[in-house]
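query_2.cif, holding mmCIF, C-alpha atoms:
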```cif
data_model
#
loop_
_atom_site.label_atom_id
_atom_site.label_comp_id
_atom_site.auth_asym_id
_atom_site.auth_seq_id
_atom_site.Cartn_x
_atom_site.Cartn_y
_atom_site.Cartn_z
CA MET M 283 0.00 0.00 0.00
CA ALA M 284 2.82 2.35 0.82
CA ALA M 285 4.17 1.80 -2.70
CA ALA M 286 0.71 2.34 -4.12
CA LEU M 287 0.47 5.69 -2.43
CA VAL M 288 3.25 7.02 -4.59
CA GLY M 289 1.49 5.77 -7.67
CA ASP M 290 2.93 2.31 -8.26
CA GLU M 291 0.17 0.69 -10.29
CA ILE M 292 1.39 -2.90 -10.06
CA ALA M 293 1.99 -2.79 -6.32
CA TYR M 294 -1.41 -1.25 -5.86
CA ARG M 295 -3.18 -3.94 -7.85
CA ARG M 296 -1.36 -6.60 -5.88
CA PHE M 297 -2.42 -4.96 -2.64
CA LEU M 298 -6.07 -4.80 -3.71
CA GLU M 299 -6.04 -8.41 -4.87
CA ALA M 300 -4.50 -9.50 -1.60
CA VAL M 301 -6.97 -7.65 0.53
CA THR M 302 -10.13 -8.65 -1.35
CA PRO M 303 -10.40 -12.22 0.04
CA HIS M 304 -10.13 -10.80 3.55
CA LEU M 305 -12.89 -8.33 2.85
CA ARG M 306 -15.04 -11.11 1.42
CA VAL M 307 -14.59 -13.32 4.45
CA ILE M 308 -15.44 -10.57 6.90
CA ALA M 309 -18.44 -9.47 4.88
CA ARG M 310 -19.73 -13.01 4.49
CA ARG M 311 -19.34 -13.81 8.14
CA ARG M 312 -21.19 -10.71 9.23
CA LEU M 313 -23.92 -10.82 6.63
CA SER M 314 -24.71 -14.50 7.07
CA ALA M 315 -26.06 -13.63 10.50
CA PHE M 316 -28.70 -11.58 8.70
CA ARG M 317 -29.42 -14.23 6.06
CA LEU M 318 -28.06 -12.04 3.33
CA GLY M 319 -26.67 -13.76 0.31
CA ASN M 320 -23.53 -13.74 -1.72
CA GLN M 321 -24.63 -10.85 -3.87
CA ASP M 322 -24.84 -8.64 -0.83
CA VAL M 323 -21.42 -9.86 0.26
CA GLU M 324 -19.95 -8.93 -3.09
CA ASP M 325 -21.64 -5.54 -2.96
CA VAL M 326 -20.03 -4.81 0.37
CA VAL M 327 -16.67 -6.00 -0.92
CA GLN M 328 -16.87 -3.73 -3.94
CA GLU M 329 -18.07 -0.83 -1.90
CA ALA M 330 -15.25 -1.32 0.61
CA LEU M 331 -12.71 -1.50 -2.22
CA LEU M 332 -14.01 1.75 -3.63
CA ALA M 333 -13.83 3.36 -0.20
CA ILE M 334 -10.30 2.10 0.36
CA HIS M 335 -9.38 3.52 -3.00
CA LEU M 336 -11.02 6.92 -2.69
CA LYS M 337 -10.08 7.50 0.95
CA ARG M 338 -6.56 6.14 0.89
CA GLY M 339 -5.29 9.64 1.63
CA THR M 340 -6.60 9.19 5.18
CA TRP M 341 -4.24 6.31 5.90
CA GLU M 342 -1.04 7.39 7.61
CA THR M 343 1.88 5.31 6.45
CA HIS M 344 3.33 4.94 9.92
CA ARG M 345 0.20 3.23 11.21
CA PRO M 346 -0.79 -0.43 10.68
CA ILE M 347 -3.18 -0.76 7.78
CA GLY M 348 -5.22 -3.63 9.28
CA PRO M 349 -7.33 -1.56 11.68
CA TRP M 350 -7.82 1.09 9.03
CA ILE M 351 -9.26 -1.47 6.64
CA SER M 352 -11.34 -3.09 9.38
CA VAL M 353 -13.06 0.16 10.21
CA ILE M 354 -13.83 0.84 6.56
CA VAL M 355 -15.34 -2.61 6.06
CA ARG M 356 -17.35 -2.28 9.22
CA ASN M 357 -18.71 1.08 8.11
CA LYS M 358 -19.68 -0.33 4.75
CA LEU M 359 -21.36 -3.31 6.39
CA ILE M 360 -23.37 -1.01 8.58
CA ASP M 361 -24.34 1.07 5.54
CA ALA M 362 -25.41 -2.03 3.65
CA LEU M 363 -27.49 -3.38 6.51
CA ARG M 364 -29.05 -0.03 7.23
CA ARG M 365 -30.05 0.28 3.62
CA ARG M 366 -31.87 -3.00 4.01
CA GLY M 367 -33.66 -1.78 7.08
CA HIS M 368 -31.59 -3.36 9.80
CA ARG M 369 -30.17 -1.34 12.59
CA VAL M 370 -27.10 -2.94 13.99
CA VAL M 371 -23.70 -2.50 15.47
CA VAL M 372 -20.98 -4.63 13.93
CA PRO M 373 -17.98 -5.14 16.16
CA ILE M 374 -14.56 -4.52 14.78
CA ASP M 375 -12.88 -7.77 13.98
CA ASP M 376 -9.34 -8.79 13.56
CA VAL M 377 -8.82 -9.02 9.83
CA VAL M 378 -5.75 -11.15 10.01
CA ASP M 379 -7.32 -14.26 11.53
CA LEU M 380 -10.05 -14.57 8.96
CA ILE M 381 -8.31 -15.72 5.84
CA ALA M 382 -9.19 -19.40 6.26
CA ASP M 383 -12.58 -20.32 4.80
CA GLU M 384 -12.36 -18.83 1.35
CA ARG M 385 -13.44 -22.17 -0.18
CA GLN M 386 -17.12 -22.39 -0.89
CA ASP M 387 -17.62 -19.63 -3.32
CA VAL M 388 -20.43 -17.96 -5.01
CA SER M 389 -22.35 -18.34 -8.16
CA THR M 390 -24.89 -15.65 -8.32
CA ASP M 391 -25.95 -12.95 -10.63
CA GLY M 392 -27.65 -9.68 -10.15
CA GLN M 393 -26.22 -6.31 -9.59
CA ASP M 394 -22.55 -5.86 -10.02
CA ILE M 395 -20.27 -3.19 -11.30
CA GLU M 396 -21.74 -3.71 -14.76
CA ARG M 397 -25.18 -2.60 -13.66
CA MET M 398 -23.90 0.26 -11.58
CA MET M 399 -22.21 1.58 -14.67
CA ASP M 400 -25.56 2.30 -16.28
CA HIS M 401 -25.78 5.30 -13.98
CA LEU M 402 -22.53 6.82 -15.18
CA LYS M 403 -22.12 9.43 -17.85
CA PRO M 404 -21.48 7.93 -21.31
CA VAL M 405 -17.83 8.99 -21.52
CA GLN M 406 -17.09 7.72 -18.05
CA ARG M 407 -18.84 4.47 -18.84
CA ASP M 408 -16.81 4.01 -22.00
CA ILE M 409 -13.60 4.54 -20.12
CA VAL M 410 -14.47 2.25 -17.24
CA ARG M 411 -15.66 -0.40 -19.68
CA ALA M 412 -12.57 -0.18 -21.85
CA ILE M 413 -10.29 -0.50 -18.87
CA SER M 414 -12.24 -3.16 -17.01
CA LEU M 415 -13.46 -5.36 -19.87
CA ASP M 416 -10.59 -5.18 -22.27
CA GLY M 417 -7.98 -4.49 -19.67
CA SER M 418 -6.54 -1.80 -21.88
CA SER M 419 -4.19 0.76 -20.43
CA VAL M 420 -5.01 4.38 -19.85
CA ARG M 421 -2.83 5.31 -22.81
CA ASP M 422 -4.62 2.98 -25.24
CA THR M 423 -8.00 4.14 -24.02
CA ALA M 424 -6.97 7.73 -24.46
CA ALA M 425 -5.82 7.03 -28.01
CA ARG M 426 -9.01 5.17 -28.90
CA LEU M 427 -11.32 7.85 -27.55
CA SER M 428 -8.99 10.55 -28.88
CA MET M 429 -8.69 12.16 -25.50
CA SER M 430 -5.55 13.18 -23.67
CA GLU M 431 -4.17 10.75 -21.13
CA GLY M 432 -4.72 13.24 -18.35
CA ALA M 433 -8.35 13.70 -19.34
CA VAL M 434 -8.91 9.96 -19.24
CA ARG M 435 -7.36 9.79 -15.78
CA VAL M 436 -9.55 12.59 -14.51
CA ALA M 437 -12.68 11.06 -16.05
CA LEU M 438 -11.79 7.69 -14.58
CA HIS M 439 -11.33 9.18 -11.16
CA ARG M 440 -14.64 11.03 -11.41
CA ALA M 441 -16.36 7.86 -12.55
CA LEU M 442 -15.09 6.03 -9.46
CA ARG M 443 -16.32 8.78 -7.22
CA SER M 444 -19.76 8.68 -8.74
CA LEU M 445 -19.80 4.90 -8.45
CA ALA M 446 -19.17 5.30 -4.74
CA ALA M 447 -21.94 7.88 -4.55
CA ILE M 448 -24.30 5.49 -6.34
CA TYR M 449 -23.55 2.81 -3.78
CA ARG M 450 -24.11 5.23 -0.95
CA GLY M 451 -27.38 6.42 -2.36
CA GLY M 452 -28.50 2.83 -2.78
CA THR M 453 -30.02 3.67 -6.17
CA THR M 454 -29.28 0.24 -7.52
CA MET Q 241 -6.19 -20.29 -2.86
CA THR Q 242 -8.74 -18.30 -4.77
CA PRO Q 243 -11.57 -20.47 -6.07
CA ASP Q 244 -12.51 -17.67 -8.43
CA GLU Q 245 -10.00 -18.97 -10.92
CA ASN Q 246 -11.66 -22.30 -11.61
CA MET Q 247 -15.21 -21.36 -10.81
CA PRO Q 248 -15.72 -17.81 -11.86
CA SER Q 249 -18.95 -16.18 -10.82
CA ARG Q 250 -20.35 -13.05 -12.26
CA SER Q 251 -20.00 -10.99 -9.17
CA ALA Q 252 -16.46 -12.12 -8.55
CA ILE Q 253 -15.67 -11.05 -12.07
CA GLY Q 254 -17.26 -7.72 -11.26
CA THR Q 255 -14.95 -7.37 -8.30
CA ASP Q 256 -11.91 -8.36 -10.31
CA ARG Q 257 -12.80 -5.78 -12.91
CA LEU Q 258 -13.28 -3.19 -10.24
CA ILE Q 259 -9.79 -3.91 -8.94
CA GLU Q 260 -8.48 -3.56 -12.47
CA VAL Q 261 -10.08 -0.15 -12.79
CA LEU Q 262 -8.98 1.00 -9.35
CA ALA Q 263 -5.39 0.01 -10.05
CA LYS Q 264 -5.43 2.15 -13.19
CA ASP Q 265 -6.41 5.12 -11.04
CA ALA Q 266 -3.40 4.49 -8.82
CA GLY Q 267 -1.90 8.00 -8.80
CA ALA Q 268 -0.70 9.44 -5.53
CA PRO Q 269 -3.67 10.80 -3.55
CA ARG Q 270 -3.57 14.09 -1.71
CA PRO Q 271 -2.87 13.30 1.92
CA PHE Q 272 -5.85 14.15 4.06
CA GLY Q 273 -3.74 16.27 6.40
CA SER Q 274 -2.86 18.73 3.65
CA ILE Q 275 -6.48 18.88 2.48
CA LEU Q 276 -7.53 19.85 5.98
CA LEU Q 277 -4.79 22.46 6.29
CA VAL Q 278 -5.85 24.05 3.01
CA ALA Q 279 -9.44 24.05 4.24
CA ALA Q 280 -8.37 25.71 7.48
CA ALA Q 281 -6.44 28.40 5.61
CA LEU Q 282 -9.35 29.05 3.27
CA GLY Q 283 -11.68 29.04 6.25
CA VAL Q 284 -9.68 31.68 8.10
CA ALA Q 285 -9.44 33.77 4.93
CA SER Q 286 -13.17 33.61 4.25
CA ALA Q 287 -13.96 34.36 7.89
CA ALA Q 288 -11.64 37.37 7.78
CA ALA Q 289 -13.27 38.55 4.55
CA SER Q 290 -16.79 38.37 5.96
CA TYR Q 291 -15.61 39.99 9.20
CA LEU Q 292 -14.11 42.94 7.33
CA ALA Q 293 -17.18 43.23 5.15
CA MET Q 294 -19.52 43.54 8.13
CA LEU Q 295 -17.50 44.95 11.02
CA GLN Q 296 -14.27 46.68 11.90
CA PRO Q 297 -11.90 46.32 14.84
CA ARG Q 298 -12.81 48.50 17.80
CA PRO Q 299 -10.93 51.81 17.68
CA ASP Q 300 -8.92 51.20 20.82
CA ILE Q 301 -7.76 47.73 19.82
CA ASP Q 302 -4.02 48.61 19.94
CA VAL Q 303 -4.29 49.62 23.56
CA VAL Q 304 -6.73 47.13 24.98
CA VAL Q 305 -5.15 44.09 23.35
CA ARG Q 306 -2.46 44.32 25.99
CA THR Q 307 -4.92 44.05 28.83
CA LEU Q 308 -5.42 40.63 30.29
CA ARG Q 309 -9.19 40.68 29.88
CA VAL Q 310 -8.99 41.22 26.13
CA LEU Q 311 -6.09 38.86 25.78
CA PHE Q 312 -8.17 36.26 27.57
CA LYS Q 313 -10.60 36.15 24.67
CA PHE Q 314 -7.80 35.04 22.38
CA ILE Q 315 -6.29 32.68 24.91
CA VAL Q 316 -9.59 30.82 24.79
CA THR Q 317 -10.60 31.06 21.15
CA VAL Q 318 -7.32 30.52 19.31
CA PRO Q 319 -6.31 27.28 21.09
CA LEU Q 320 -9.91 26.11 20.74
CA ALA Q 321 -9.69 26.58 16.97
CA VAL Q 322 -6.30 24.88 16.76
CA GLY Q 323 -7.39 22.00 18.97
CA MET Q 324 -10.61 21.41 17.08
CA ILE Q 325 -8.84 21.39 13.72
CA GLY Q 326 -6.36 18.87 15.11
CA LEU Q 327 -9.23 16.75 16.36
CA LEU Q 328 -10.95 16.97 12.98
CA ASP Q 329 -7.86 15.47 11.40
CA ARG Q 330 -8.09 12.55 13.83
CA ILE Q 331 -11.80 11.81 13.61
CA ALA Q 332 -11.85 11.91 9.81
CA ARG Q 333 -9.41 9.01 9.57
CA PRO Q 334 -10.61 5.47 10.21
CA ALA Q 335 -8.97 3.86 13.25
CA ALA Q 336 -6.79 6.84 14.09
CA PRO Q 337 -6.25 7.50 17.81
CA HIS Q 338 -7.24 10.97 19.01
CA GLY Q 339 -3.83 11.75 20.46
CA PHE Q 340 -3.40 14.71 22.74
CA TRP Q 341 -5.98 16.99 21.09
CA PRO Q 342 -8.78 16.23 23.57
CA TRP Q 343 -6.38 17.23 26.35
CA LEU Q 344 -5.75 20.57 24.68
CA LEU Q 345 -9.49 21.14 24.43
CA GLY Q 346 -9.91 20.19 28.07
CA GLY Q 347 -7.21 22.75 28.85
CA VAL Q 348 -9.21 25.41 27.01
CA GLY Q 349 -12.24 24.55 29.11
CA ALA Q 350 -10.14 24.80 32.27
CA VAL Q 351 -8.76 28.21 31.24
CA LEU Q 352 -12.29 29.44 30.61
CA ALA Q 353 -13.40 28.20 34.03
CA VAL Q 354 -10.43 29.89 35.72
CA GLY Q 355 -11.23 33.14 33.89
CA VAL Q 356 -14.83 33.08 35.00
CA GLY Q 357 -13.82 32.23 38.56
CA THR Q 358 -11.34 35.08 38.70
CA GLU Q 359 -13.89 37.53 37.33
CA LEU Q 360 -16.45 36.43 39.90
CA ALA Q 361 -13.91 36.72 42.69
CA MET Q 362 -12.67 40.16 41.70
CA SER Q 363 -15.87 41.97 40.82
CA PRO Q 364 -18.69 42.87 43.20
CA PRO Q 365 -21.75 40.62 42.88
CA ALA Q 366 -23.90 43.64 42.04
CA GLU Q 367 -22.04 44.03 38.75
CA TRP Q 368 -22.24 40.41 37.69
CA ALA Q 369 -25.51 40.76 35.83
CA ALA Q 370 -24.36 43.84 33.93
CA ARG Q 371 -21.10 42.19 32.91
CA LEU Q 372 -22.86 39.03 31.93
CA VAL Q 373 -25.35 40.77 29.66
CA GLY Q 374 -22.81 43.26 28.31
CA HIS Q 375 -23.61 45.75 25.57
CA ASN Q 376 -24.32 43.73 22.53
CA ALA Q 377 -25.03 40.13 23.29
CA ARG Q 378 -27.40 39.97 20.36
CA TYR Q 379 -24.71 41.11 17.91
CA CYS Q 380 -22.43 38.47 19.28
CA LEU Q 381 -25.01 35.76 18.69
CA MET Q 382 -25.60 37.05 15.19
CA PHE Q 383 -22.11 37.85 13.93
CA ILE Q 384 -20.19 34.85 15.20
CA PRO Q 385 -22.42 32.37 13.33
CA LEU Q 386 -22.42 34.61 10.25
CA ILE Q 387 -18.63 34.77 10.18
CA ALA Q 388 -18.45 31.03 10.84
CA ILE Q 389 -20.42 30.06 7.72
CA GLY Q 390 -17.38 30.30 5.42
CA PRO Q 391 -15.00 28.18 7.50
CA LEU Q 392 -17.76 25.67 8.22
CA ALA Q 393 -18.29 25.14 4.50
CA CYS Q 394 -14.55 24.67 4.00
CA PHE Q 395 -14.30 22.13 6.80
CA ILE Q 396 -17.31 20.15 5.64
CA ALA Q 397 -15.85 20.03 2.13
CA ALA Q 398 -12.55 18.76 3.55
CA LEU Q 399 -14.28 16.17 5.73
CA ARG Q 400 -15.96 14.74 2.64
CA GLN Q 401 -12.48 13.67 1.55
CA GLY Q 402 -12.08 11.89 4.86
CA MET Q 403 -14.17 9.18 6.39
CA PRO Q 404 -15.53 10.17 9.80
CA ALA Q 405 -17.24 7.31 11.60
CA ARG Q 406 -19.99 9.55 12.97
CA PRO Q 407 -20.86 12.23 10.42
CA GLY Q 408 -23.10 14.26 12.71
CA LEU Q 409 -20.49 14.57 15.44
CA ALA Q 410 -17.76 15.33 12.90
CA GLY Q 411 -19.96 18.11 11.51
CA ALA Q 412 -20.53 19.49 14.98
CA ALA Q 413 -16.78 19.44 15.62
CA ALA Q 414 -16.29 21.33 12.36
CA GLY Q 415 -18.91 23.80 13.61
CA ILE Q 416 -17.02 24.39 16.86
CA ALA Q 417 -13.74 24.88 14.98
CA SER Q 418 -15.41 27.41 12.65
CA SER Q 419 -17.05 29.18 15.52
CA ALA Q 420 -13.74 29.46 17.36
CA ILE Q 421 -12.17 31.10 14.30
CA ALA Q 422 -15.14 33.44 14.01
CA ALA Q 423 -15.07 34.23 17.72
CA ALA Q 424 -11.36 35.08 17.64
CA LEU Q 425 -12.06 37.59 14.87
CA TYR Q 426 -15.20 38.94 16.45
CA ALA Q 427 -13.31 39.44 19.70
CA THR Q 428 -11.36 42.28 18.05
CA HIS Q 429 -14.65 44.10 17.52
CA CYS Q 430 -16.63 43.22 20.61
CA PRO Q 431 -16.39 45.77 23.44
CA ASP Q 432 -17.53 43.33 26.11
CA ASP Q 433 -14.42 41.96 27.73
CA SER Q 434 -15.75 40.24 30.78
CA PRO Q 435 -15.01 36.50 30.92
CA LEU Q 436 -18.60 36.17 32.09
CA PHE Q 437 -19.75 37.56 28.77
CA VAL Q 438 -17.33 35.43 26.78
CA ALA Q 439 -18.24 32.24 28.62
CA THR Q 440 -21.95 32.85 28.10
CA TRP Q 441 -22.52 34.38 24.71
CA TYR Q 442 -19.53 33.10 22.79
CA THR Q 443 -20.39 29.64 24.00
CA LEU Q 444 -24.01 30.07 23.03
CA ALA Q 445 -22.97 31.26 19.56
CA THR Q 446 -20.67 28.26 19.31
CA CYS Q 447 -23.55 25.96 20.17
CA ILE Q 448 -25.59 27.47 17.34
CA VAL Q 449 -22.78 26.86 14.84
CA ALA Q 450 -22.16 23.37 16.23
CA ALA Q 451 -25.84 22.54 15.71
CA CYS Q 452 -25.62 23.77 12.11
CA GLY Q 453 -22.47 21.69 11.69
CA PHE Q 454 -24.25 18.66 13.09
CA ILE Q 455 -27.06 19.00 10.57
CA ALA Q 456 -24.62 19.67 7.75
CA GLY Q 457 -22.58 16.64 8.80
CA ARG Q 458 -25.62 14.38 8.75
CA ARG Q 459 -26.61 15.75 5.40
CA PHE Q 460 -23.31 16.01 3.52
CA LEU Q 461 -20.89 13.55 5.08
#
```

What would the structure in this file look like if it were written as structure tokens?
Amino acid sequence: MAAALVGDEIAYRRFLEAVTPHLRVIARRRLSAFRLGNQDVEDVVQEALLAIHLKRGTWETHRPIGPWISVIVRNKLIDALRRRGHRVVVPIDDVVDLIADERQDVSTDGQDIERMMDHLKPVQRDIVRAISLDGSSVRDTAARLSMSEGAVRVALHRALRSLAAIYRGGTT
Amino acid sequence: MTPDENMPSRSAIGTDRLIEVLAKDAGAPRPFGSILLVAAALGVASAAASYLAMLQPRPDIDVVVRTLRVLFKFIVTVPLAVGMIGLLDRIARPAAPHGFWPWLLGGVGAVLAVGVGTELAMSPPAEWAARLVGHNARYCLMFIPLIAIGPLACFIAALRQGMPARPGLAGAAAGIASSAIAAALYATHCPDDSPLFVATWYTLATCIVAACGFIAGRRFL
């Protein structure tokens, strides 16, 4: 994460990939108590990832990142449950101990990032789609849409912020 | 380790894609501390602008600023502003300890109590009511919140970049910080120097701004 904060794309991706299973386990464990399914788990995971991404400026590099992530996940869990009409307090959990039961995974459909993207502006949607579906780089996307690289970066960042806002508003 | 590889599900793909997109947006973020400092600077500037637009320093400010009673108003308001801004930085970060900022704020409260106690001890009880009510309590209640609007907006905007666990309380804290800035400015205009007046009306004005901040926090954070 420290490397990612100075803009190292590869280190950042590796960090996000490493942290996602943890998020999933915490979310599943908490949500199963409320009989909420895998789709809800995945929503929380995605929402937490977005929050980690957009708020990473609030992490201080000299502090352990575990508690920081735990609080974010907990907040997102509370948001998700509240949106569904529950009112609960989720205790902070130790992230580190929870890696184990990643086995039985999901096969569900329903809302995912694809459907959220319908709410984005067309240009933003094109950019997110190009980067997520085709895995093309910012430079290629910029060339294809005949935009400058900087403009693509800005639009991408805005798109992520509005995705987070869409989650928060629960307009899905 | 990850079952997603052999048994991909749609949502897991969604998450993988999301990670892909997030990684592309990897650029270095602005640290929250610097965002808050910019907000504080803008807040002070906007408060000063609205102060100068509506009021001016009292004519004898050069002389009276050296008296303890006038100085007292700054000894309370300036550390309060600094302490609240420091606390804002803490509460906007997930899992960050509050550090020594609450102690500083407690110190401000203690100084205020000492000031009031001294005033009560040194002035005859017959004058207490007059000193408490002062000359323009109503102006105080009106101008401090008016001056505080600018900084409050700046702080709320900065807090949106953070992630306070309790938005209402964070907004209220932003309100107190703004009000302290406004009160420090207003103190250069206000002719009522009694700690009794400061403890009553400045605090009341601060409560008004804190309530606005609470509502704004619930609404915008």

**Request:** Using all atoms listed in the file, find all polymer residues with an atom at most 10 Å away from the point (-6.2, 15.0, 11.9); report them as a list in words.
**Result:** Thr340 of chain M; Phe272, Gly273, Ser274, Leu276, Leu277, Met324, Ile325, Gly326, Leu327, Leu328, Asp329, Arg330, Ile331, Ala332, Arg333, Ala336, Pro337, His338, Gly339, Trp341 and Gly402 of chain Q

How about saving the chosen residues, C-alpha atoms kept, as a PDB file, in the frame of the given file?
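Listing of out.pdb after writing:
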```pdb
ATOM      1  CA  THR M 340      -6.600   9.190   5.180  1.00  0.00           C
TER       2      THR M 340
ATOM      3  CA  PHE Q 272      -5.850  14.150   4.060  1.00  0.00           C
ATOM      4  CA  GLY Q 273      -3.740  16.270   6.400  1.00  0.00           C
ATOM      5  CA  SER Q 274      -2.860  18.730   3.650  1.00  0.00           C
ATOM      6  CA  LEU Q 276      -7.530  19.850   5.980  1.00  0.00           C
ATOM      7  CA  LEU Q 277      -4.790  22.460   6.290  1.00  0.00           C
ATOM      8  CA  MET Q 324     -10.610  21.410  17.080  1.00  0.00           C
ATOM      9  CA  ILE Q 325      -8.840  21.390  13.720  1.00  0.00           C
ATOM     10  CA  GLY Q 326      -6.360  18.870  15.110  1.00  0.00           C
ATOM     11  CA  LEU Q 327      -9.230  16.750  16.360  1.00  0.00           C
ATOM     12  CA  LEU Q 328     -10.950  16.970  12.980  1.00  0.00           C
ATOM     13  CA  ASP Q 329      -7.860  15.470  11.400  1.00  0.00           C
ATOM     14  CA  ARG Q 330      -8.090  12.550  13.830  1.00  0.00           C
ATOM     15  CA  ILE Q 331     -11.800  11.810  13.610  1.00  0.00           C
ATOM     16  CA  ALA Q 332     -11.850  11.910   9.810  1.00  0.00           C
ATOM     17  CA  ARG Q 333      -9.410   9.010   9.570  1.00  0.00           C
ATOM     18  CA  ALA Q 336      -6.790   6.840  14.090  1.00  0.00           C
ATOM     19  CA  PRO Q 337      -6.250   7.500  17.810  1.00  0.00           C
ATOM     20  CA  HIS Q 338      -7.240  10.970  19.010  1.00  0.00           C
ATOM     21  CA  GLY Q 339      -3.830  11.750  20.460  1.00  0.00           C
ATOM     22  CA  TRP Q 341      -5.980  16.990  21.090  1.00  0.00           C
ATOM     23  CA  GLY Q 402     -12.080  11.890   4.860  1.00  0.00           C
TER      24      GLY Q 402
END
```

**Message:** For a test of reading the model, state the distance in Å between CA of Met294 (chain Q) and CA of Ala445 (chain Q), rounded to one decimal.
**Reply:**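 Computed distance, CA of Met294 (chain Q) to CA of Ala445 (chain Q), equals 17.1 Å.
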
**Request:** Tell me which residues the PyMOL selection byres ((chain Q and resi 414) around 7) grabs here, as a VMD selection string.
**Result:** chain Q and resid 328 392 395 to 396 410 to 413 415 to 418 453

Output the selection as a compact mmCIF listing (two decimals), in the frame of the given file - C-alpha atoms for each residue.
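So the final result, stored in again-v3.txt, reads:
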```txt
# COMPACT_ATOMS: atom_id res chain seq x y z
CA LEU Q 328 -10.95 16.97 12.98
CA LEU Q 392 -17.76 25.67 8.22
CA PHE Q 395 -14.30 22.13 6.80
CA ILE Q 396 -17.31 20.15 5.64
CA ALA Q 410 -17.76 15.33 12.90
CA GLY Q 411 -19.96 18.11 11.51
CA ALA Q 412 -20.53 19.49 14.98
CA ALA Q 413 -16.78 19.44 15.62
CA GLY Q 415 -18.91 23.80 13.61
CA ILE Q 416 -17.02 24.39 16.86
CA ALA Q 417 -13.74 24.88 14.98
CA SER Q 418 -15.41 27.41 12.65
CA GLY Q 453 -22.47 21.69 11.69
```

To verify the selection step, state as a PDB file with C-alpha atoms, keeping the file's coordinate frame which residues the PyMOL selection byres ((chain M and resi 419) around 12) yields on this input.
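Output below, filename out_8.pdb:
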```pdb
ATOM      1  CA  GLU M 291       0.170   0.690 -10.290  1.00  0.00           C
ATOM      2  CA  ILE M 409     -13.600   4.540 -20.120  1.00  0.00           C
ATOM      3  CA  VAL M 410     -14.470   2.250 -17.240  1.00  0.00           C
ATOM      4  CA  ARG M 411     -15.660  -0.400 -19.680  1.00  0.00           C
ATOM      5  CA  ALA M 412     -12.570  -0.180 -21.850  1.00  0.00           C
ATOM      6  CA  ILE M 413     -10.290  -0.500 -18.870  1.00  0.00           C
ATOM      7  CA  SER M 414     -12.240  -3.160 -17.010  1.00  0.00           C
ATOM      8  CA  LEU M 415     -13.460  -5.360 -19.870  1.00  0.00           C
ATOM      9  CA  ASP M 416     -10.590  -5.180 -22.270  1.00  0.00           C
ATOM     10  CA  GLY M 417      -7.980  -4.490 -19.670  1.00  0.00           C
ATOM     11  CA  SER M 418      -6.540  -1.800 -21.880  1.00  0.00           C
ATOM     12  CA  VAL M 420      -5.010   4.380 -19.850  1.00  0.00           C
ATOM     13  CA  ARG M 421      -2.830   5.310 -22.810  1.00  0.00           C
ATOM     14  CA  ASP M 422      -4.620   2.980 -25.240  1.00  0.00           C
ATOM     15  CA  THR M 423      -8.000   4.140 -24.020  1.00  0.00           C
ATOM     16  CA  ALA M 424      -6.970   7.730 -24.460  1.00  0.00           C
ATOM     17  CA  ALA M 425      -5.820   7.030 -28.010  1.00  0.00           C
ATOM     18  CA  ARG M 426      -9.010   5.170 -28.900  1.00  0.00           C
ATOM     19  CA  GLU M 431      -4.170  10.750 -21.130  1.00  0.00           C
ATOM     20  CA  VAL M 434      -8.910   9.960 -19.240  1.00  0.00           C
ATOM     21  CA  ARG M 435      -7.360   9.790 -15.780  1.00  0.00           C
ATOM     22  CA  LEU M 438     -11.790   7.690 -14.580  1.00  0.00           C
TER      23      LEU M 438
ATOM     24  CA  GLU Q 260      -8.480  -3.560 -12.470  1.00  0.00           C
ATOM     25  CA  VAL Q 261     -10.080  -0.150 -12.790  1.00  0.00           C
ATOM     26  CA  ALA Q 263      -5.390   0.010 -10.050  1.00  0.00           C
ATOM     27  CA  LYS Q 264      -5.430   2.150 -13.190  1.00  0.00           C
ATOM     28  CA  ASP Q 265      -6.410   5.120 -11.040  1.00  0.00           C
TER      29      ASP Q 265
END
```

**Selection under test: the PyMOL selection byres ((chain Q and resi 343-346) around 8); residues as a VMD selection string** = chain Q and resid 319 to 320 323 to 324 340 to 342 347 to 350

**Request:** Have a look at Q:Pro431, Q:Gly283, Q:Pro334, Q:Gly374 and name the one nearest to Trp350 (chain M); count all atoms listed in the file.
**Result:**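 For Trp350 (chain M), the nearest of the given residues is Q:Pro334.
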